[in-house]
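Colleague: run.pdb is the file, holding PDB, C-alpha atoms, pLDDT in the B column:
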```pdb
MODEL        1
ATOM      1  CA  MET A 309       0.000   0.000   0.000  1.00 85.00           C
ATOM      2  CA  THR A 310       1.526   3.262  -1.156  1.00 94.00           C
ATOM      3  CA  ARG A 311      -0.100   6.638  -0.528  1.00 96.00           C
ATOM      4  CA  LEU A 312       1.674   9.599  -2.063  1.00 97.00           C
ATOM      5  CA  LEU A 313       1.060  13.294  -2.523  1.00 96.00           C
ATOM      6  CA  LEU A 314       2.663  15.116  -5.452  1.00 96.00           C
ATOM      7  CA  ILE A 315       3.023  18.853  -4.956  1.00 93.00           C
ATOM      8  CA  GLY A 316       4.617  21.657  -6.945  1.00 90.00           C
ATOM      9  CA  PRO A 317       3.842  24.770  -8.972  1.00 88.00           C
ATOM     10  CA  PRO A 318       1.759  24.697 -12.164  1.00 84.00           C
ATOM     11  CA  GLY A 319       3.937  23.483 -15.021  1.00 85.00           C
ATOM     12  CA  ALA A 320       6.400  21.574 -12.827  1.00 90.00           C
ATOM     13  CA  GLY A 321       5.416  18.311 -14.521  1.00 90.00           C
ATOM     14  CA  LYS A 322       3.107  16.902 -11.863  1.00 90.00           C
ATOM     15  CA  GLY A 323       0.659  15.443 -14.363  1.00 87.00           C
ATOM     16  CA  THR A 324       3.360  13.678 -16.350  1.00 92.00           C
ATOM     17  CA  GLN A 325       5.082  12.267 -13.275  1.00 96.00           C
ATOM     18  CA  ALA A 326       1.777  11.287 -11.669  1.00 95.00           C
ATOM     19  CA  VAL A 327       0.930   9.022 -14.611  1.00 94.00           C
ATOM     20  CA  ARG A 328       4.361   7.398 -14.482  1.00 96.00           C
ATOM     21  CA  LEU A 329       4.375   6.923 -10.718  1.00 97.00           C
ATOM     22  CA  ALA A 330       0.857   5.503 -10.730  1.00 96.00           C
ATOM     23  CA  GLU A 331       1.994   2.857 -13.194  1.00 96.00           C
ATOM     24  CA  LEU A 332       5.230   2.100 -11.354  1.00 96.00           C
ATOM     25  CA  TYR A 333       3.588   1.768  -7.942  1.00 96.00           C
ATOM     26  CA  ALA A 334       0.370   0.196  -9.275  1.00 95.00           C
ATOM     27  CA  ILE A 335      -1.896   2.825  -7.700  1.00 96.00           C
ATOM     28  CA  PRO A 336      -4.472   5.217  -9.176  1.00 95.00           C
ATOM     29  CA  ALA A 337      -3.401   8.794  -9.891  1.00 95.00           C
ATOM     30  CA  ILE A 338      -6.031  11.249  -8.695  1.00 93.00           C
ATOM     31  CA  SER A 339      -5.711  14.649 -10.363  1.00 88.00           C
ATOM     32  CA  THR A 340      -8.121  17.384  -9.380  1.00 83.00           C
ATOM     33  CA  GLY A 341      -7.183  19.279 -12.543  1.00 78.00           C
ATOM     34  CA  ASP A 342      -8.087  16.336 -14.780  1.00 78.00           C
ATOM     35  CA  ILE A 343     -11.352  15.755 -12.946  1.00 78.00           C
ATOM     36  CA  PHE A 344     -12.317  19.421 -13.190  1.00 81.00           C
ATOM     37  CA  ARG A 345     -11.363  19.639 -16.875  1.00 82.00           C
ATOM     38  CA  SER A 346     -13.430  16.526 -17.593  1.00 79.00           C
ATOM     39  CA  ASN A 347     -16.416  18.135 -15.890  1.00 79.00           C
ATOM     40  CA  VAL A 348     -15.868  21.364 -17.834  1.00 85.00           C
ATOM     41  CA  LYS A 349     -15.677  19.463 -21.106  1.00 89.00           C
ATOM     42  CA  ASN A 350     -18.859  17.550 -20.314  1.00 88.00           C
ATOM     43  CA  GLU A 351     -20.558  20.765 -19.125  1.00 89.00           C
ATOM     44  CA  THR A 352     -21.633  19.276 -15.804  1.00 83.00           C
ATOM     45  CA  GLU A 353     -22.909  21.495 -12.987  1.00 83.00           C
ATOM     46  CA  LEU A 354     -19.562  21.172 -11.216  1.00 78.00           C
ATOM     47  CA  GLY A 355     -17.734  21.911 -14.439  1.00 82.00           C
ATOM     48  CA  THR A 356     -19.703  25.095 -15.022  1.00 86.00           C
ATOM     49  CA  LYS A 357     -18.885  26.312 -11.506  1.00 84.00           C
ATOM     50  CA  ALA A 358     -15.228  25.310 -11.787  1.00 83.00           C
ATOM     51  CA  LYS A 359     -14.615  26.836 -15.224  1.00 87.00           C
ATOM     52  CA  ALA A 360     -14.983  30.435 -14.073  1.00 85.00           C
ATOM     53  CA  TYR A 361     -12.308  29.922 -11.409  1.00 86.00           C
ATOM     54  CA  MET A 362      -9.978  27.950 -13.702  1.00 80.00           C
ATOM     55  CA  ASP A 363     -10.156  30.489 -16.530  1.00 85.00           C
ATOM     56  CA  ALA A 364      -9.180  33.242 -14.087  1.00 84.00           C
ATOM     57  CA  GLY A 365      -6.273  31.177 -12.743  1.00 79.00           C
ATOM     58  CA  ASP A 366      -7.854  30.852  -9.303  1.00 81.00           C
ATOM     59  CA  ASN A 367      -8.204  27.688  -7.259  1.00 74.00           C
ATOM     60  CA  VAL A 368     -11.618  26.051  -7.238  1.00 82.00           C
ATOM     61  CA  PRO A 369     -13.162  26.661  -3.759  1.00 87.00           C
ATOM     62  CA  ASP A 370     -12.344  24.150  -1.019  1.00 87.00           C
ATOM     63  CA  SER A 371     -15.965  23.095  -0.597  1.00 87.00           C
ATOM     64  CA  LEU A 372     -16.190  21.834  -4.197  1.00 82.00           C
ATOM     65  CA  THR A 373     -12.727  20.329  -4.200  1.00 87.00           C
ATOM     66  CA  ASN A 374     -13.023  18.525  -0.861  1.00 88.00           C
ATOM     67  CA  ALA A 375     -16.326  16.912  -1.817  1.00 81.00           C
ATOM     68  CA  LEU A 376     -14.902  15.707  -5.106  1.00 79.00           C
ATOM     69  CA  ILE A 377     -11.754  14.238  -3.538  1.00 84.00           C
ATOM     70  CA  ARG A 378     -13.597  12.541  -0.693  1.00 85.00           C
ATOM     71  CA  ASP A 379     -15.914  10.892  -3.206  1.00 79.00           C
ATOM     72  CA  ARG A 380     -12.990   9.713  -5.324  1.00 84.00           C
ATOM     73  CA  LEU A 381     -10.978   8.328  -2.399  1.00 89.00           C
ATOM     74  CA  GLU A 382     -13.965   6.218  -1.362  1.00 87.00           C
ATOM     75  CA  ASP A 383     -13.698   4.256  -4.628  1.00 85.00           C
ATOM     76  CA  ALA A 384     -12.545   0.653  -4.350  1.00 92.00           C
ATOM     77  CA  ASP A 385      -9.374   1.175  -6.397  1.00 92.00           C
ATOM     78  CA  CYS A 386      -7.996   3.507  -3.689  1.00 92.00           C
ATOM     79  CA  ARG A 387      -8.046   0.925  -0.914  1.00 89.00           C
ATOM     80  CA  GLU A 388      -4.583  -0.340  -1.784  1.00 89.00           C
ATOM     81  CA  GLY A 389      -3.085   3.124  -2.208  1.00 95.00           C
ATOM     82  CA  PHE A 390      -3.236   6.239  -4.361  1.00 96.00           C
ATOM     83  CA  LEU A 391      -1.314   9.216  -5.638  1.00 97.00           C
ATOM     84  CA  LEU A 392      -2.825  12.680  -5.184  1.00 96.00           C
ATOM     85  CA  ASP A 393      -1.860  15.275  -7.778  1.00 92.00           C
ATOM     86  CA  GLY A 394      -2.929  18.860  -7.108  1.00 83.00           C
ATOM     87  CA  TYR A 395      -4.614  18.233  -3.760  1.00 89.00           C
ATOM     88  CA  PRO A 396      -4.407  19.503  -1.082  1.00 92.00           C
ATOM     89  CA  ARG A 397      -3.620  23.082  -2.125  1.00 84.00           C
ATOM     90  CA  THR A 398      -4.663  24.960   1.027  1.00 85.00           C
ATOM     91  CA  GLN A 399      -4.294  24.404   4.759  1.00 88.00           C
ATOM     92  CA  ASP A 400      -8.047  23.790   5.042  1.00 90.00           C
ATOM     93  CA  GLN A 401      -7.678  21.023   2.446  1.00 92.00           C
ATOM     94  CA  VAL A 402      -4.784  19.543   4.444  1.00 94.00           C
ATOM     95  CA  ARG A 403      -7.057  19.344   7.491  1.00 94.00           C
ATOM     96  CA  GLU A 404      -9.818  17.791   5.397  1.00 94.00           C
ATOM     97  CA  LEU A 405      -7.421  15.169   4.008  1.00 95.00           C
ATOM     98  CA  ASP A 406      -5.986  14.453   7.473  1.00 96.00           C
ATOM     99  CA  GLU A 407      -9.494  13.846   8.819  1.00 95.00           C
ATOM    100  CA  PHE A 408     -10.427  11.602   5.914  1.00 93.00           C
ATOM    101  CA  LEU A 409      -7.271   9.486   6.191  1.00 95.00           C
ATOM    102  CA  ALA A 410      -7.484   9.197   9.973  1.00 96.00           C
ATOM    103  CA  GLY A 411     -11.118   8.169   9.708  1.00 94.00           C
ATOM    104  CA  HIS A 412     -10.100   5.284   7.439  1.00 92.00           C
ATOM    105  CA  GLY A 413      -6.973   4.313   9.386  1.00 92.00           C
ATOM    106  CA  PHE A 414      -4.657   5.524   6.628  1.00 90.00           C
ATOM    107  CA  ALA A 415      -1.721   7.926   6.444  1.00 92.00           C
ATOM    108  CA  LEU A 416       0.374   9.411   3.662  1.00 95.00           C
ATOM    109  CA  ASP A 417       3.717   7.688   3.104  1.00 96.00           C
ATOM    110  CA  ALA A 418       5.499  10.660   1.541  1.00 97.00           C
ATOM    111  CA  VAL A 419       4.971  14.062  -0.026  1.00 97.00           C
ATOM    112  CA  VAL A 420       6.979  14.581  -3.219  1.00 97.00           C
ATOM    113  CA  GLU A 421       7.678  18.241  -4.002  1.00 95.00           C
ATOM    114  CA  LEU A 422       8.652  19.027  -7.592  1.00 95.00           C
ATOM    115  CA  VAL A 423      10.850  22.141  -7.582  1.00 92.00           C
ATOM    116  CA  ALA A 424      11.035  24.279 -10.739  1.00 91.00           C
ATOM    117  CA  ASP A 425      12.171  27.803 -11.616  1.00 88.00           C
ATOM    118  CA  PRO A 426       9.154  30.084 -12.313  1.00 85.00           C
ATOM    119  CA  ASP A 427      10.512  31.302 -15.674  1.00 85.00           C
ATOM    120  CA  VAL A 428      10.977  27.701 -16.834  1.00 86.00           C
ATOM    121  CA  VAL A 429       7.411  26.967 -15.726  1.00 83.00           C
ATOM    122  CA  VAL A 430       6.037  29.916 -17.720  1.00 84.00           C
ATOM    123  CA  ASP A 431       7.877  28.768 -20.856  1.00 84.00           C
ATOM    124  CA  ARG A 432       6.572  25.215 -20.414  1.00 81.00           C
ATOM    125  CA  LEU A 433       2.982  26.335 -19.989  1.00 81.00           C
ATOM    126  CA  ARG A 434       3.095  28.740 -22.914  1.00 81.00           C
ATOM    127  CA  LEU A 435       4.190  25.805 -25.080  1.00 81.00           C
ATOM    128  CA  ARG A 436       1.425  23.625 -23.634  1.00 76.00           C
ATOM    129  CA  ALA A 437      -1.137  26.344 -24.338  1.00 75.00           C
ATOM    130  CA  ALA A 438      -0.070  26.455 -27.985  1.00 78.00           C
ATOM    131  CA  GLU A 439      -0.169  22.658 -28.296  1.00 79.00           C
ATOM    132  CA  GLN A 440      -3.401  21.970 -26.401  1.00 78.00           C
ATOM    133  CA  GLY A 441      -5.295  25.249 -26.704  1.00 70.00           C
ATOM    134  CA  ARG A 442      -5.864  25.458 -22.948  1.00 67.00           C
ATOM    135  CA  SER A 443      -7.447  28.738 -21.847  1.00 65.00           C
ATOM    136  CA  ASP A 444      -5.839  28.455 -18.402  1.00 63.00           C
ATOM    137  CA  ASP A 445      -2.303  28.541 -19.882  1.00 63.00           C
ATOM    138  CA  ASP A 446      -2.297  32.157 -21.098  1.00 72.00           C
ATOM    139  CA  GLU A 447       0.907  33.814 -19.770  1.00 77.00           C
ATOM    140  CA  ALA A 448      -0.915  36.355 -17.585  1.00 83.00           C
ATOM    141  CA  VAL A 449      -3.066  33.583 -16.135  1.00 82.00           C
ATOM    142  CA  VAL A 450      -0.006  31.383 -15.594  1.00 82.00           C
ATOM    143  CA  ARG A 451       1.815  34.099 -13.662  1.00 85.00           C
ATOM    144  CA  HIS A 452      -1.310  34.635 -11.567  1.00 87.00           C
ATOM    145  CA  ARG A 453      -1.531  30.897 -10.896  1.00 85.00           C
ATOM    146  CA  LEU A 454       2.109  30.898  -9.767  1.00 88.00           C
ATOM    147  CA  GLU A 455       1.362  33.723  -7.345  1.00 89.00           C
ATOM    148  CA  VAL A 456      -1.719  31.886  -6.057  1.00 86.00           C
ATOM    149  CA  TYR A 457       0.488  28.821  -5.571  1.00 86.00           C
ATOM    150  CA  ARG A 458       3.132  30.835  -3.712  1.00 87.00           C
ATOM    151  CA  VAL A 459       0.615  32.376  -1.329  1.00 89.00           C
ATOM    152  CA  GLN A 460      -1.730  29.437  -0.729  1.00 84.00           C
ATOM    153  CA  THR A 461       0.200  26.243  -1.368  1.00 82.00           C
ATOM    154  CA  GLU A 462       3.828  26.857  -0.441  1.00 82.00           C
ATOM    155  CA  PRO A 463       2.910  27.020   3.285  1.00 88.00           C
ATOM    156  CA  LEU A 464       1.798  23.387   2.980  1.00 92.00           C
ATOM    157  CA  ILE A 465       5.371  22.443   2.160  1.00 92.00           C
ATOM    158  CA  ASP A 466       6.395  23.663   5.616  1.00 92.00           C
ATOM    159  CA  VAL A 467       3.589  21.606   7.177  1.00 94.00           C
ATOM    160  CA  TYR A 468       4.712  18.370   5.548  1.00 96.00           C
ATOM    161  CA  ALA A 469       8.394  19.152   6.053  1.00 95.00           C
ATOM    162  CA  GLY A 470       7.630  19.571   9.743  1.00 96.00           C
ATOM    163  CA  ARG A 471       6.113  16.085   9.747  1.00 96.00           C
ATOM    164  CA  GLY A 472       9.262  14.664   8.149  1.00 96.00           C
ATOM    165  CA  MET A 473       7.333  13.572   5.067  1.00 96.00           C
ATOM    166  CA  LEU A 474       8.727  15.911   2.398  1.00 96.00           C
ATOM    167  CA  VAL A 475      10.908  14.674  -0.472  1.00 97.00           C
ATOM    168  CA  GLU A 476      12.295  17.526  -2.611  1.00 96.00           C
ATOM    169  CA  ILE A 477      12.934  16.708  -6.273  1.00 97.00           C
ATOM    170  CA  ASP A 478      14.536  18.851  -8.985  1.00 95.00           C
ATOM    171  CA  ALA A 479      11.832  18.872 -11.686  1.00 95.00           C
ATOM    172  CA  ILE A 480      14.021  20.332 -14.439  1.00 91.00           C
ATOM    173  CA  GLY A 481      15.479  17.966 -17.017  1.00 90.00           C
ATOM    174  CA  PRO A 482      14.433  14.962 -19.087  1.00 93.00           C
ATOM    175  CA  ILE A 483      11.230  13.279 -17.909  1.00 95.00           C
ATOM    176  CA  ASP A 484      12.994   9.934 -17.331  1.00 97.00           C
ATOM    177  CA  ASP A 485      15.607  11.609 -15.138  1.00 97.00           C
ATOM    178  CA  VAL A 486      12.972  13.274 -12.972  1.00 97.00           C
ATOM    179  CA  THR A 487      11.115   9.967 -12.550  1.00 97.00           C
ATOM    180  CA  GLU A 488      14.350   8.253 -11.527  1.00 97.00           C
ATOM    181  CA  ARG A 489      15.090  10.980  -8.985  1.00 97.00           C
ATOM    182  CA  ILE A 490      11.660  10.441  -7.442  1.00 97.00           C
ATOM    183  CA  THR A 491      11.814   6.646  -7.280  1.00 97.00           C
ATOM    184  CA  THR A 492      15.357   6.723  -5.890  1.00 97.00           C
ATOM    185  CA  ALA A 493      14.395   9.204  -3.177  1.00 97.00           C
ATOM    186  CA  LEU A 494      11.321   7.162  -2.252  1.00 97.00           C
ATOM    187  CA  ALA A 495      13.328   3.921  -2.164  1.00 96.00           C
ATOM    188  CA  GLU A 496      15.694   5.575   0.298  1.00 96.00           C
ATOM    189  CA  ARG A 497      12.642   6.009   2.534  1.00 95.00           C
ATOM    190  CA  GLY A 498      11.653   2.370   2.148  1.00 95.00           C
ATOM    191  CA  ILE A 499       8.963   3.026  -0.468  1.00 95.00           C
ATOM    192  CA  SER A 500       9.683   0.776  -3.416  1.00 91.00           C
ATOM    193  CA  ALA A 501       7.702   0.064  -6.539  1.00 86.00           C
ATOM    194  CA  PRO A 502       6.437  -3.518  -6.852  1.00 82.00           C
ATOM    195  CA  ASP A 503       8.192  -5.718  -9.357  1.00 65.00           C
ATOM    196  CA  SER A 504       6.439  -5.707 -12.710  1.00 41.00           C
ATOM    197  CA  ALA A 505       5.887  -9.440 -12.415  1.00 34.00           C
ATOM    198  CA  THR A 506       3.796  -8.997  -9.290  1.00 40.00           C
ATOM    199  CA  ARG A 507       1.640  -6.113 -10.498  1.00 38.00           C
TER     200      ARG A 507
ENDMDL
END
```
In structure tokens, write the structure found in this file.

Modeller:
Amino acid sequence: MTRLLLIGPPGAGKGTQAVRLAELYAIPAISTGDIFRSNVKNETELGTKAKAYMDAGDNVPDSLTNALIRDRLEDADCREGFLLDGYPRTQDQVRELDEFLAGHGFALDAVVELVADPDVVVDRLRLRAAEQGRSDDDEAVVRHRLEVYRVQTEPLIDVYAGRGMLVEIDAIGPIDDVTERITTALAERGISAPDSATR
């Protein structure tokens, strides 16, 4: 059972690494961004509410996000572990996650922080905007999102560091190299991926 949290600024590569780590550790990757974008695309009630916040570069309110994550973590495929990507983003969400995990007798094994220079992040997201046509990757919106991250989410890093759970990873470089840095750091903490033959 492996329970991980992936944290880092927009554009640090969380989505890419989440998919890889989920496969390596045989656990579901739970991305709030993907879930919200799916709801926006399908024009659900949640998606309509979330879109206004996402287009402005603001975080979706805790009440919506917490309900969505709680519902997802109750699914059967999360019983043997999970990887959270993009949640929690605020201290209120940390408390909500703590309560949920404690109520189910679970705990996070590690918090992986992807560290990336803001200018590199902006360049990455501008490229992604051109490739994918994402309205939330406009440069002005990106810089706002980075500021929102700095104000709201960076304090969480101190919380998890204080618990001795934080693993800092340089997110700049080839994707394979970043993945290897993560798995090596986790292995040093006794968190190893299952052998492919036993998955």

Colleague: List the residues selected by the PyMOL selection byres ((chain A and resi 405-409) around 9) in the file shown, writing them as a ChimeraX atom specification.

Modeller: /A:374,377-378,381,395-396,400-404,410-416

Colleague: What do you get, as an MDAnalysis selection string, if you spell out every residue that the PyMOL selection byres ((chain A and resi 461) around 12) selects here?

Modeller: chainID A and resid 315:318 367 394:402 421 453:460 462:468

Colleague: Any idea what's packed within 12 Å of segment 433-437 of chain A, counting all atoms listed in the file, ignoring anything in its chain fewer than 4 positions away? Could you give it as a list in words?

Modeller: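 The contact residues come out as Pro317, Pro318, Gly319, Ala320, Gly321, Pro426, Asp427, Val428, Val429, Gly441, Arg442, Ser443, Asp444, Asp445, Asp446, Glu447, Ala448, Val449, Val450, Arg451, Arg453 and Leu454 of chain A.
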
Colleague: Just give me the gap between atom CA of Val348 of chain A and atom CA of Ala375 of chain A in Å, one decimal is fine.

Modeller: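 Computing it gives 16.6 Å between the two atoms.
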
Colleague: For the atom pair atom CA of Glu488 of chain A and atom CA of Ala469 of chain A, what is the interatomic distance in Å to one decimal place?

Modeller: 21.5 Å

Colleague: For the file shown, report as a ChimeraX atom specification the outcome of the PyMOL selection byres ((chain A and resi 331) around 12) at residue level.

Modeller: /A:324-330,332-337,390-391,487,501-504,507

Colleague: Can you tell me how far atom CA of Gly389 of chain A sits from atom CA of Leu354 of chain A, in Å to one decimal?

Modeller: 26.0 Å
